[in-house]
file coords_20.pdb (PDB, C-alpha atoms, pLDDT in the B column)
ATOM      1  CA  GLY A 425      -7.373   0.429 -32.327  1.00 78.00           C
ATOM      2  CA  GLU A 426      -8.216  -1.267 -29.077  1.00 84.00           C
ATOM      3  CA  ASN A 427      -9.327   0.804 -26.078  1.00 90.00           C
ATOM      4  CA  VAL A 428      -9.503  -0.725 -22.598  1.00 94.00           C
ATOM      5  CA  GLU A 429     -11.344   1.010 -19.778  1.00 95.00           C
ATOM      6  CA  GLN A 430     -10.923  -0.127 -16.184  1.00 97.00           C
ATOM      7  CA  HIS A 431     -13.018   0.641 -13.093  1.00 97.00           C
ATOM      8  CA  PRO A 432     -12.769   1.562 -10.314  1.00 97.00           C
ATOM      9  CA  SER A 433      -9.488   3.454 -10.113  1.00 95.00           C
ATOM     10  CA  THR A 434      -9.296   2.812  -6.367  1.00 97.00           C
ATOM     11  CA  LEU A 435     -10.959   0.160  -4.236  1.00 98.00           C
ATOM     12  CA  SER A 436     -10.827  -0.265  -0.476  1.00 98.00           C
ATOM     13  CA  VAL A 437     -12.172  -3.441   1.153  1.00 97.00           C
ATOM     14  CA  GLN A 438     -12.085  -5.037   4.565  1.00 97.00           C
ATOM     15  CA  GLU A 439      -9.910  -8.094   4.955  1.00 97.00           C
ATOM     16  CA  GLY A 440     -11.959 -11.184   4.163  1.00 97.00           C
ATOM     17  CA  ASP A 441     -14.360  -9.366   1.835  1.00 97.00           C
ATOM     18  CA  SER A 442     -14.443  -9.816  -1.933  1.00 98.00           C
ATOM     19  CA  ALA A 443     -13.086  -7.367  -4.494  1.00 98.00           C
ATOM     20  CA  VAL A 444     -14.271  -6.969  -8.077  1.00 98.00           C
ATOM     21  CA  ILE A 445     -12.510  -4.993 -10.808  1.00 98.00           C
ATOM     22  CA  LYS A 446     -14.167  -4.499 -14.187  1.00 98.00           C
ATOM     23  CA  CYS A 447     -12.803  -3.787 -17.657  1.00 98.00           C
ATOM     24  CA  THR A 448     -14.386  -3.140 -21.032  1.00 97.00           C
ATOM     25  CA  TYR A 449     -12.726  -3.358 -24.423  1.00 96.00           C
ATOM     26  CA  SER A 450     -13.606  -2.055 -27.871  1.00 94.00           C
ATOM     27  CA  ASP A 451     -12.002  -4.413 -30.426  1.00 91.00           C
ATOM     28  CA  SER A 452     -14.336  -7.382 -30.973  1.00 89.00           C
ATOM     29  CA  ALA A 453     -11.387  -9.288 -32.485  1.00 88.00           C
ATOM     30  CA  SER A 454      -9.497  -9.263 -29.160  1.00 89.00           C
ATOM     31  CA  ASN A 455      -9.067 -12.798 -27.903  1.00 89.00           C
ATOM     32  CA  TYR A 456      -6.697 -12.727 -24.951  1.00 92.00           C
ATOM     33  CA  PHE A 457      -7.279 -10.974 -21.618  1.00 95.00           C
ATOM     34  CA  PRO A 458      -4.604 -11.112 -18.908  1.00 95.00           C
ATOM     35  CA  TRP A 459      -4.554  -9.510 -15.474  1.00 97.00           C
ATOM     36  CA  TYR A 460      -1.345  -8.173 -13.926  1.00 97.00           C
ATOM     37  CA  LYS A 461      -0.601  -7.290 -10.298  1.00 97.00           C
ATOM     38  CA  GLN A 462       1.950  -4.608  -9.491  1.00 95.00           C
ATOM     39  CA  GLU A 463       3.346  -4.311  -5.996  1.00 95.00           C
ATOM     40  CA  LEU A 464       5.052  -1.136  -4.841  1.00 91.00           C
ATOM     41  CA  GLY A 465       8.420  -0.612  -6.499  1.00 88.00           C
ATOM     42  CA  LYS A 466       8.129  -3.681  -8.703  1.00 91.00           C
ATOM     43  CA  GLY A 467       7.157  -4.525 -12.239  1.00 92.00           C
ATOM     44  CA  PRO A 468       3.760  -6.039 -13.057  1.00 95.00           C
ATOM     45  CA  GLN A 469       3.328  -9.796 -12.697  1.00 96.00           C
ATOM     46  CA  LEU A 470       0.752 -11.955 -14.453  1.00 95.00           C
ATOM     47  CA  ILE A 471      -1.764 -13.413 -12.003  1.00 97.00           C
ATOM     48  CA  ILE A 472      -4.391 -14.906 -14.310  1.00 96.00           C
ATOM     49  CA  ASP A 473      -5.481 -14.775 -17.935  1.00 94.00           C
ATOM     50  CA  ILE A 474      -8.438 -15.883 -20.026  1.00 93.00           C
ATOM     51  CA  ARG A 475      -8.908 -16.619 -23.688  1.00 89.00           C
ATOM     52  CA  SER A 476     -11.971 -15.774 -25.725  1.00 82.00           C
ATOM     53  CA  ASN A 477     -13.199 -19.366 -25.980  1.00 81.00           C
ATOM     54  CA  VAL A 478     -13.637 -19.562 -22.196  1.00 79.00           C
ATOM     55  CA  GLY A 479     -16.214 -17.748 -20.050  1.00 90.00           C
ATOM     56  CA  GLU A 480     -14.631 -18.163 -16.640  1.00 94.00           C
ATOM     57  CA  LYS A 481     -11.348 -19.256 -15.108  1.00 93.00           C
ATOM     58  CA  LYS A 482     -10.417 -19.786 -11.459  1.00 96.00           C
ATOM     59  CA  ASP A 483      -7.153 -20.074  -9.590  1.00 94.00           C
ATOM     60  CA  GLN A 484      -7.645 -20.447  -5.841  1.00 95.00           C
ATOM     61  CA  ARG A 485      -9.035 -17.108  -4.577  1.00 97.00           C
ATOM     62  CA  ILE A 486      -8.831 -15.408  -7.962  1.00 98.00           C
ATOM     63  CA  ALA A 487     -11.291 -15.738 -10.816  1.00 97.00           C
ATOM     64  CA  VAL A 488     -11.803 -13.967 -14.115  1.00 97.00           C
ATOM     65  CA  THR A 489     -15.025 -13.845 -16.123  1.00 96.00           C
ATOM     66  CA  LEU A 490     -15.433 -12.832 -19.758  1.00 95.00           C
ATOM     67  CA  ASN A 491     -18.555 -11.686 -21.577  1.00 94.00           C
ATOM     68  CA  LYS A 492     -17.639 -11.456 -25.264  1.00 92.00           C
ATOM     69  CA  THR A 493     -21.057 -10.195 -26.321  1.00 92.00           C
ATOM     70  CA  ALA A 494     -20.881  -7.239 -23.974  1.00 93.00           C
ATOM     71  CA  LYS A 495     -17.108  -6.915 -24.409  1.00 94.00           C
ATOM     72  CA  HIS A 496     -16.283  -6.841 -20.748  1.00 95.00           C
ATOM     73  CA  PHE A 497     -14.267  -8.936 -18.346  1.00 97.00           C
ATOM     74  CA  SER A 498     -13.823  -8.864 -14.588  1.00 98.00           C
ATOM     75  CA  LEU A 499     -11.374  -9.923 -11.888  1.00 98.00           C
ATOM     76  CA  HIS A 500     -12.825 -11.363  -8.690  1.00 98.00           C
ATOM     77  CA  ILE A 501     -10.719 -11.803  -5.546  1.00 98.00           C
ATOM     78  CA  THR A 502     -12.398 -13.625  -2.665  1.00 97.00           C
ATOM     79  CA  GLU A 503     -11.372 -13.695   1.005  1.00 97.00           C
ATOM     80  CA  THR A 504      -9.033 -10.763   0.483  1.00 98.00           C
ATOM     81  CA  GLN A 505      -5.827 -10.547   2.495  1.00 97.00           C
ATOM     82  CA  PRO A 506      -3.513  -7.582   3.205  1.00 96.00           C
ATOM     83  CA  GLU A 507      -0.978  -9.001   0.748  1.00 96.00           C
ATOM     84  CA  ASP A 508      -3.553  -8.556  -2.026  1.00 97.00           C
ATOM     85  CA  SER A 509      -3.033  -4.788  -1.697  1.00 98.00           C
ATOM     86  CA  ALA A 510      -1.473  -3.656  -4.975  1.00 97.00           C
ATOM     87  CA  VAL A 511      -2.305  -2.063  -8.316  1.00 96.00           C
ATOM     88  CA  TYR A 512      -4.111  -4.372 -10.737  1.00 97.00           C
ATOM     89  CA  PHE A 513      -4.103  -3.933 -14.516  1.00 97.00           C
ATOM     90  CA  CYS A 514      -6.348  -5.592 -17.037  1.00 97.00           C
ATOM     91  CA  ALA A 515      -5.269  -5.878 -20.662  1.00 95.00           C
ATOM     92  CA  ALA A 516      -6.579  -7.016 -24.026  1.00 93.00           C
ATOM     93  CA  LYS A 517      -4.632  -8.212 -27.031  1.00 89.00           C
ATOM     94  CA  ASP A 518      -5.903  -6.383 -30.080  1.00 80.00           C
ATOM     95  CA  SER A 519      -6.130  -7.455 -33.708  1.00 77.00           C
ATOM     96  CA  SER A 520      -2.583  -6.234 -34.348  1.00 75.00           C
ATOM     97  CA  TYR A 521      -1.379  -8.471 -31.475  1.00 75.00           C
ATOM     98  CA  LYS A 522      -0.388  -5.619 -29.196  1.00 80.00           C
ATOM     99  CA  LEU A 523      -1.308  -5.849 -25.521  1.00 87.00           C
ATOM    100  CA  ILE A 524      -3.345  -2.779 -24.529  1.00 90.00           C
ATOM    101  CA  PHE A 525      -3.557  -2.102 -20.780  1.00 93.00           C
ATOM    102  CA  GLY A 526      -6.264  -0.506 -18.691  1.00 95.00           C
ATOM    103  CA  SER A 527      -5.436   2.445 -16.448  1.00 94.00           C
ATOM    104  CA  GLY A 528      -5.123   0.340 -13.278  1.00 95.00           C
ATOM    105  CA  THR A 529      -6.978  -0.162  -9.997  1.00 97.00           C
ATOM    106  CA  ARG A 530      -5.327   0.493  -6.664  1.00 96.00           C
ATOM    107  CA  LEU A 531      -6.677  -2.099  -4.228  1.00 98.00           C
ATOM    108  CA  LEU A 532      -6.304  -1.530  -0.498  1.00 98.00           C
ATOM    109  CA  VAL A 533      -7.220  -4.367   1.868  1.00 97.00           C
ATOM    110  CA  ARG A 534      -7.776  -3.022   5.378  1.00 96.00           C
ATOM    111  CA  PRO A 535      -6.786  -5.397   8.197  1.00 92.00           C
TER     112      PRO A 535
ATOM    113  CA  ASN B 891      17.413 -16.504 -11.945  1.00 64.00           C
ATOM    114  CA  ALA B 892      17.691 -12.751 -12.545  1.00 78.00           C
ATOM    115  CA  GLY B 893      14.884 -12.553 -15.138  1.00 93.00           C
ATOM    116  CA  VAL B 894      14.680  -9.066 -16.666  1.00 96.00           C
ATOM    117  CA  THR B 895      17.240  -6.558 -15.438  1.00 96.00           C
ATOM    118  CA  GLN B 896      16.937  -2.820 -16.072  1.00 97.00           C
ATOM    119  CA  THR B 897      19.490  -0.096 -15.454  1.00 95.00           C
ATOM    120  CA  PRO B 898      19.495   2.506 -14.097  1.00 96.00           C
ATOM    121  CA  LYS B 899      16.713   2.400 -11.485  1.00 95.00           C
ATOM    122  CA  PHE B 900      16.505   6.184 -11.193  1.00 96.00           C
ATOM    123  CA  GLN B 901      17.630   9.012 -13.467  1.00 96.00           C
ATOM    124  CA  VAL B 902      17.206  12.766 -13.560  1.00 97.00           C
ATOM    125  CA  LEU B 903      17.846  14.584 -16.834  1.00 96.00           C
ATOM    126  CA  LYS B 904      17.715  18.159 -17.991  1.00 97.00           C
ATOM    127  CA  THR B 905      15.617  19.025 -21.027  1.00 97.00           C
ATOM    128  CA  GLY B 906      17.600  18.286 -24.176  1.00 97.00           C
ATOM    129  CA  GLN B 907      19.956  15.744 -22.621  1.00 97.00           C
ATOM    130  CA  SER B 908      20.188  12.245 -24.027  1.00 96.00           C
ATOM    131  CA  MET B 909      20.380   8.892 -22.331  1.00 96.00           C
ATOM    132  CA  THR B 910      19.992   5.175 -22.916  1.00 97.00           C
ATOM    133  CA  LEU B 911      18.007   2.810 -20.740  1.00 97.00           C
ATOM    134  CA  GLN B 912      19.448  -0.679 -20.686  1.00 97.00           C
ATOM    135  CA  CYS B 913      17.540  -3.956 -20.472  1.00 97.00           C
ATOM    136  CA  ALA B 914      18.764  -7.526 -20.440  1.00 97.00           C
ATOM    137  CA  GLN B 915      16.967 -10.848 -19.984  1.00 96.00           C
ATOM    138  CA  ASP B 916      18.470 -14.226 -19.191  1.00 95.00           C
ATOM    139  CA  MET B 917      15.493 -16.429 -20.089  1.00 94.00           C
ATOM    140  CA  ASN B 918      16.383 -16.909 -23.768  1.00 93.00           C
ATOM    141  CA  HIS B 919      13.198 -15.099 -24.760  1.00 93.00           C
ATOM    142  CA  ASN B 920      12.664 -14.062 -28.358  1.00 91.00           C
ATOM    143  CA  SER B 921      10.525 -10.976 -27.830  1.00 91.00           C
ATOM    144  CA  MET B 922      11.269  -7.858 -25.822  1.00 94.00           C
ATOM    145  CA  TYR B 923       9.242  -4.724 -25.131  1.00 94.00           C
ATOM    146  CA  TRP B 924       9.517  -1.218 -23.725  1.00 97.00           C
ATOM    147  CA  TYR B 925       6.528   0.278 -21.896  1.00 96.00           C
ATOM    148  CA  ARG B 926       6.016   3.564 -20.111  1.00 97.00           C
ATOM    149  CA  GLN B 927       3.740   3.930 -17.109  1.00 94.00           C
ATOM    150  CA  ASP B 928       2.074   7.235 -16.295  1.00 93.00           C
ATOM    151  CA  PRO B 929      -0.446   7.937 -13.512  1.00 85.00           C
ATOM    152  CA  GLY B 930      -3.986   7.153 -14.602  1.00 81.00           C
ATOM    153  CA  MET B 931      -2.870   5.841 -17.991  1.00 83.00           C
ATOM    154  CA  GLY B 932      -1.710   2.332 -17.331  1.00 87.00           C
ATOM    155  CA  LEU B 933       1.135   0.883 -19.389  1.00 93.00           C
ATOM    156  CA  ARG B 934       1.668   2.027 -22.963  1.00 93.00           C
ATOM    157  CA  LEU B 935       3.859   0.229 -25.454  1.00 92.00           C
ATOM    158  CA  ILE B 936       6.702   2.326 -26.871  1.00 96.00           C
ATOM    159  CA  TYR B 937       8.574  -0.178 -29.048  1.00 95.00           C
ATOM    160  CA  TYR B 938       8.919  -3.919 -29.280  1.00 92.00           C
ATOM    161  CA  SER B 939      11.227  -6.453 -30.847  1.00 93.00           C
ATOM    162  CA  ALA B 940       9.691  -9.716 -31.980  1.00 89.00           C
ATOM    163  CA  SER B 941      13.083 -11.295 -32.573  1.00 88.00           C
ATOM    164  CA  GLU B 942      16.761 -10.447 -32.715  1.00 88.00           C
ATOM    165  CA  GLY B 943      17.368  -7.899 -35.445  1.00 88.00           C
ATOM    166  CA  THR B 944      13.801  -6.604 -35.702  1.00 92.00           C
ATOM    167  CA  THR B 945      12.056  -3.685 -34.029  1.00 95.00           C
ATOM    168  CA  ASP B 946       8.599  -2.141 -34.447  1.00 93.00           C
ATOM    169  CA  LYS B 947       6.713   0.859 -33.156  1.00 94.00           C
ATOM    170  CA  GLY B 948       4.134   0.561 -30.427  1.00 91.00           C
ATOM    171  CA  GLU B 949       1.491   3.053 -29.294  1.00 89.00           C
ATOM    172  CA  VAL B 950       3.776   5.958 -28.298  1.00 94.00           C
ATOM    173  CA  PRO B 951       7.117   5.746 -30.201  1.00 96.00           C
ATOM    174  CA  ASN B 952       7.743   9.457 -30.819  1.00 96.00           C
ATOM    175  CA  GLY B 953      10.908  10.764 -29.180  1.00 96.00           C
ATOM    176  CA  TYR B 954      12.427   7.310 -28.669  1.00 97.00           C
ATOM    177  CA  ASN B 955      14.729   4.936 -30.495  1.00 97.00           C
ATOM    178  CA  VAL B 956      15.545   1.322 -29.706  1.00 97.00           C
ATOM    179  CA  SER B 957      18.256  -1.186 -30.442  1.00 96.00           C
ATOM    180  CA  ARG B 958      18.015  -4.951 -30.161  1.00 95.00           C
ATOM    181  CA  LEU B 959      21.711  -5.485 -29.611  1.00 87.00           C
ATOM    182  CA  ASN B 960      21.442  -9.274 -29.411  1.00 94.00           C
ATOM    183  CA  LYS B 961      18.916 -11.799 -28.153  1.00 94.00           C
ATOM    184  CA  ARG B 962      19.491 -10.770 -24.516  1.00 96.00           C
ATOM    185  CA  GLU B 963      19.605  -6.989 -24.728  1.00 97.00           C
ATOM    186  CA  PHE B 964      17.123  -4.322 -25.809  1.00 97.00           C
ATOM    187  CA  SER B 965      17.953  -0.675 -25.178  1.00 97.00           C
ATOM    188  CA  LEU B 966      15.780   2.446 -25.280  1.00 98.00           C
ATOM    189  CA  ARG B 967      17.316   5.797 -26.180  1.00 97.00           C
ATOM    190  CA  LEU B 968      16.027   9.296 -25.603  1.00 96.00           C
ATOM    191  CA  GLU B 969      17.942  11.558 -27.998  1.00 93.00           C
ATOM    192  CA  SER B 970      16.673  14.880 -26.629  1.00 96.00           C
ATOM    193  CA  ALA B 971      14.719  14.434 -23.426  1.00 96.00           C
ATOM    194  CA  ALA B 972      11.539  16.449 -22.831  1.00 97.00           C
ATOM    195  CA  PRO B 973       9.511  16.932 -19.618  1.00 97.00           C
ATOM    196  CA  SER B 974       6.689  14.911 -21.247  1.00 96.00           C
ATOM    197  CA  GLN B 975       8.993  11.892 -21.096  1.00 97.00           C
ATOM    198  CA  THR B 976       9.007  11.938 -17.305  1.00 97.00           C
ATOM    199  CA  SER B 977       7.650   8.499 -16.516  1.00 97.00           C
ATOM    200  CA  VAL B 978       8.424   5.045 -15.194  1.00 96.00           C
ATOM    201  CA  TYR B 979       9.829   2.833 -17.924  1.00 97.00           C
ATOM    202  CA  PHE B 980       9.454  -0.932 -17.913  1.00 97.00           C
ATOM    203  CA  CYS B 981      11.204  -3.469 -20.064  1.00 97.00           C
ATOM    204  CA  ALA B 982       9.527  -6.831 -20.585  1.00 95.00           C
ATOM    205  CA  SER B 983      10.188 -10.061 -22.433  1.00 94.00           C
ATOM    206  CA  SER B 984       8.213 -13.067 -23.617  1.00 91.00           C
ATOM    207  CA  GLU B 985       9.235 -16.471 -24.850  1.00 87.00           C
ATOM    208  CA  ALA B 986       7.677 -16.407 -28.285  1.00 76.00           C
ATOM    209  CA  GLY B 987       6.117 -13.373 -29.853  1.00 69.00           C
ATOM    210  CA  LEU B 988       3.154 -11.106 -30.263  1.00 65.00           C
ATOM    211  CA  THR B 989       0.962 -13.620 -32.036  1.00 69.00           C
ATOM    212  CA  THR B 990       1.030 -15.997 -29.083  1.00 73.00           C
ATOM    213  CA  ASN B 991      -0.933 -15.413 -25.902  1.00 69.00           C
ATOM    214  CA  GLU B 992       1.662 -15.716 -23.247  1.00 79.00           C
ATOM    215  CA  LYS B 993       3.050 -14.200 -20.116  1.00 88.00           C
ATOM    216  CA  LEU B 994       5.140 -11.056 -20.149  1.00 92.00           C
ATOM    217  CA  PHE B 995       8.014 -10.891 -17.677  1.00 94.00           C
ATOM    218  CA  PHE B 996       8.679  -7.352 -16.496  1.00 95.00           C
ATOM    219  CA  GLY B 997      11.754  -5.725 -15.055  1.00 96.00           C
ATOM    220  CA  SER B 998      11.527  -3.569 -11.933  1.00 94.00           C
ATOM    221  CA  GLY B 999      11.442  -0.289 -13.838  1.00 95.00           C
ATOM    222  CA  THR B1000      13.413   2.916 -14.342  1.00 96.00           C
ATOM    223  CA  GLN B1001      12.014   6.092 -12.823  1.00 96.00           C
ATOM    224  CA  LEU B1002      12.994   8.971 -15.133  1.00 97.00           C
ATOM    225  CA  SER B1003      12.499  12.647 -14.374  1.00 97.00           C
ATOM    226  CA  VAL B1004      13.150  15.305 -17.020  1.00 97.00           C
ATOM    227  CA  LEU B1005      13.446  18.823 -15.628  1.00 96.00           C
TER     228      LEU B1005
END

call {"tool": "encode", "arguments": {"input": "coords_20.pdb", "output": "structure tokens"}}
result
Amino acid sequence: GENVEQHPSTLSVQEGDSAVIKCTYSDSASNYFPWYKQELGKGPQLIIDIRSNVGEKKDQRIAVTLNKTAKHFSLHITETQPEDSAVYFCAAKDSSYKLIFGSGTRLLVRP
Amino acid sequence: NAGVTQTPKFQVLKTGQSMTLQCAQDMNHNSMYWYRQDPGMGLRLIYYSASEGTTDKGEVPNGYNVSRLNKREFSLRLESAAPSQTSVYFCASSEAGLTTNEKLFFGSGTQLSVL
């Protein structure tokens, strides 16, 4: 089955700097890669997703890149703000259509 | 719009006790899911229901049972709780089903401790 590894587990950046979170997956048939943000005490919320026929997708300060050959994808947050502080999860939909999540990255944006 | 509502928010059980976690969604979604979240392990799928009347096992189904009571409600039951089931449980729903690539809507979670 699919295995998703996520790095780093914690990330601390200065406000205004960029943050990058990386994930790798094992199932070459996976074709859907969403990113979820979880704020303290709340459930995860989808912030961006990418499909396997696209290499990059942007939404304001957030972008996701996908390298199917290397089987990795990354979340890029530019001009970070304190409200970006949260836990971020990557995920990959495997060949049995289940969404497999990474272990999460705790992002802290220092004012 | 309430979205996905889970009850209770917190629960403490003794080993061997049973309980049911309740989940309801008001978005007329077809699919519903139960995940557990443990430190350093992300979210793992316990069971899912692709449509009313159907349920299937996820990654970690042992020790759990589910019921899709109707289109709105999907409950998770622990028949004999064990300390290994201490976790945060999330219910989620999606409009269509597993074969589509679409957004999951999550509830706010149930923090369960088994002593």

call {"tool": "resolve_selection", "arguments": {"input": "coords_20.pdb", "expression": "the PyMOL selection byres ((chain B) within 9 of (chain A))", "output": "list of chain:residue names"}}
result
B:Asp928, B:Pro929, B:Gly930, B:Met931, B:Gly932, B:Leu933, B:Arg934, B:Leu935, B:Gly948, B:Glu949, B:Phe980, B:Cys981, B:Ala982, B:Leu988, B:Thr989, B:Thr990, B:Asn991, B:Glu992, B:Lys993, B:Leu994, B:Phe995, B:Phe996, B:Gly997, B:Ser998, B:Gly999

call {"tool": "resolve_selection", "arguments": {"input": "coords_20.pdb", "expression": "the PyMOL selection byres ((chain B and resi 958) around 8)", "output": "PyMOL selection string"}}
result
chain B and resi 939+942-945+956-957+959-961+963-965

call {"tool": "resolve_selection", "arguments": {"input": "coords_20.pdb", "expression": "the PyMOL selection byres ((chain A and resi 439) around 6)", "output": "ChimeraX atom specification"}}
result
/A:438,440-441,504-505,533-535

call {"tool": "atom_distance", "arguments": {"input": "coords_20.pdb", "atom1": "atom CA of B:Ser984", "atom2": "atom CA of B:Ser908"}}
result
28.0 Å

call {"tool": "closest_residue", "arguments": {"input": "coords_20.pdb", "among": "B:Val950, B:Ser941, B:Glu985, B:Ala971", "to": "B:Asp916", "atoms": "all atoms listed in the file"}}
result
B:Glu985

call {"tool": "residues_near_point", "arguments": {"input": "coords_20.pdb", "point": "(-17.8, -9.7, -22.4)", "cutoff": "12 Å", "atoms": "only C-alpha atoms", "output": "ChimeraX atom specification"}}
result
/A:446-457,474-480,488-498,516

call {"tool": "write_last_selection", "arguments": {"input": "coords_20.pdb", "atoms": "C-alpha atoms", "output": "short mmCIF file (atom, residue, chain, number, x, y, z; two decimals), keeping the file's coordinate frame"}}
result
data_model
loop_
_atom_site.label_atom_id
_atom_site.label_comp_id
_atom_site.auth_asym_id
_atom_site.auth_seq_id
_atom_site.Cartn_x
_atom_site.Cartn_y
_atom_site.Cartn_z
CA LYS A 446 -14.17 -4.50 -14.19
CA CYS A 447 -12.80 -3.79 -17.66
CA THR A 448 -14.39 -3.14 -21.03
CA TYR A 449 -12.73 -3.36 -24.42
CA SER A 450 -13.61 -2.06 -27.87
CA ASP A 451 -12.00 -4.41 -30.43
CA SER A 452 -14.34 -7.38 -30.97
CA ALA A 453 -11.39 -9.29 -32.48
CA SER A 454 -9.50 -9.26 -29.16
CA ASN A 455 -9.07 -12.80 -27.90
CA TYR A 456 -6.70 -12.73 -24.95
CA PHE A 457 -7.28 -10.97 -21.62
CA ILE A 474 -8.44 -15.88 -20.03
CA ARG A 475 -8.91 -16.62 -23.69
CA SER A 476 -11.97 -15.77 -25.72
CA ASN A 477 -13.20 -19.37 -25.98
CA VAL A 478 -13.64 -19.56 -22.20
CA GLY A 479 -16.21 -17.75 -20.05
CA GLU A 480 -14.63 -18.16 -16.64
CA VAL A 488 -11.80 -13.97 -14.12
CA THR A 489 -15.02 -13.84 -16.12
CA LEU A 490 -15.43 -12.83 -19.76
CA ASN A 491 -18.56 -11.69 -21.58
CA LYS A 492 -17.64 -11.46 -25.26
CA THR A 493 -21.06 -10.20 -26.32
CA ALA A 494 -20.88 -7.24 -23.97
CA LYS A 495 -17.11 -6.92 -24.41
CA HIS A 496 -16.28 -6.84 -20.75
CA PHE A 497 -14.27 -8.94 -18.35
CA SER A 498 -13.82 -8.86 -14.59
CA ALA A 516 -6.58 -7.02 -24.03
#

call {"tool": "atom_distance", "arguments": {"input": "coords_20.pdb", "atom1": "atom CA of B:Ser1003", "atom2": "atom CA of B:Gln975"}}
result
7.6 Å

call {"tool": "residues_around", "arguments": {"input": "coords_20.pdb", "residues": "B:Asn952", "least_positions_apart": "5", "cutoff": "10 Å", "atoms": "only C-alpha atoms", "output": "list of chain:residue names"}}
result
B:Ile936, B:Tyr937, B:Lys947, B:Leu968

call {"tool": "write_last_selection", "arguments": {"input": "coords_20.pdb", "atoms": "C-alpha atoms", "output": "compact mmCIF listing (two decimals), in the frame of the given file"}}
result
# COMPACT_ATOMS: atom_id res chain seq x y z
CA ILE B 936 6.70 2.33 -26.87
CA TYR B 937 8.57 -0.18 -29.05
CA LYS B 947 6.71 0.86 -33.16
CA LEU B 968 16.03 9.30 -25.60

call {"tool": "build_atoms", "arguments": {"input": "coords_20.pdb", "residues": "stretch 513-529 of chain A", "atoms": "N, CA and C atoms", "output": "JSON list (two decimals), keeping the file's coordinate frame"}}
result
[["chain", "number", "residue", "atom", "x", "y", "z"],
["A", 513, "PHE", "N", -3.87, -4.38, -13.14],
["A", 513, "PHE", "CA", -4.10, -3.93, -14.52],
["A", 513, "PHE", "C", -4.77, -5.03, -15.32],
["A", 514, "CYS", "N", -5.81, -4.67, -16.04],
["A", 514, "CYS", "CA", -6.35, -5.59, -17.04],
["A", 514, "CYS", "C", -5.72, -5.24, -18.38],
["A", 515, "ALA", "N", -5.82, -6.14, -19.33],
["A", 515, "ALA", "CA", -5.27, -5.88, -20.66],
["A", 515, "ALA", "C", -6.03, -6.71, -21.68],
["A", 516, "ALA", "N", -5.96, -6.28, -22.92],
["A", 516, "ALA", "CA", -6.58, -7.02, -24.03],
["A", 516, "ALA", "C", -5.62, -7.00, -25.20],
["A", 517, "LYS", "N", -5.51, -8.15, -25.86],
["A", 517, "LYS", "CA", -4.63, -8.21, -27.03],
["A", 517, "LYS", "C", -5.47, -7.89, -28.25],
["A", 518, "ASP", "N", -5.07, -6.84, -28.97],
["A", 518, "ASP", "CA", -5.90, -6.38, -30.08],
["A", 518, "ASP", "C", -5.58, -7.13, -31.38],
["A", 519, "SER", "N", -6.25, -6.74, -32.44],
["A", 519, "SER", "CA", -6.13, -7.46, -33.71],
["A", 519, "SER", "C", -4.75, -7.31, -34.35],
["A", 520, "SER", "N", -3.96, -6.35, -33.86],
["A", 520, "SER", "CA", -2.58, -6.23, -34.35],
["A", 520, "SER", "C", -1.62, -6.90, -33.37],
["A", 521, "TYR", "N", -2.14, -7.65, -32.42],
["A", 521, "TYR", "CA", -1.38, -8.47, -31.48],
["A", 521, "TYR", "C", -0.69, -7.67, -30.39],
["A", 522, "LYS", "N", -0.98, -6.39, -30.28],
["A", 522, "LYS", "CA", -0.39, -5.62, -29.20],
["A", 522, "LYS", "C", -1.26, -5.76, -27.95],
["A", 523, "LEU", "N", -0.60, -5.76, -26.79],
["A", 523, "LEU", "CA", -1.31, -5.85, -25.52],
["A", 523, "LEU", "C", -1.62, -4.43, -25.05],
["A", 524, "ILE", "N", -2.90, -4.10, -24.94],
["A", 524, "ILE", "CA", -3.34, -2.78, -24.53],
["A", 524, "ILE", "C", -3.83, -2.87, -23.08],
["A", 525, "PHE", "N", -3.26, -2.04, -22.21],
["A", 525, "PHE", "CA", -3.56, -2.10, -20.78],
["A", 525, "PHE", "C", -4.62, -1.09, -20.38],
["A", 526, "GLY", "N", -5.38, -1.45, -19.35],
["A", 526, "GLY", "CA", -6.26, -0.51, -18.69],
["A", 526, "GLY", "C", -5.45, 0.43, -17.81],
["A", 527, "SER", "N", -6.12, 1.39, -17.21],
["A", 527, "SER", "CA", -5.44, 2.44, -16.45],
["A", 527, "SER", "C", -5.07, 2.03, -15.03],
["A", 528, "GLY", "N", -5.52, 0.87, -14.58],
["A", 528, "GLY", "CA", -5.12, 0.34, -13.28],
["A", 528, "GLY", "C", -6.12, 0.62, -12.17],
["A", 529, "THR", "N", -6.15, -0.29, -11.19],
["A", 529, "THR", "CA", -6.98, -0.16, -10.00],
["A", 529, "THR", "C", -6.09, -0.36, -8.78]]
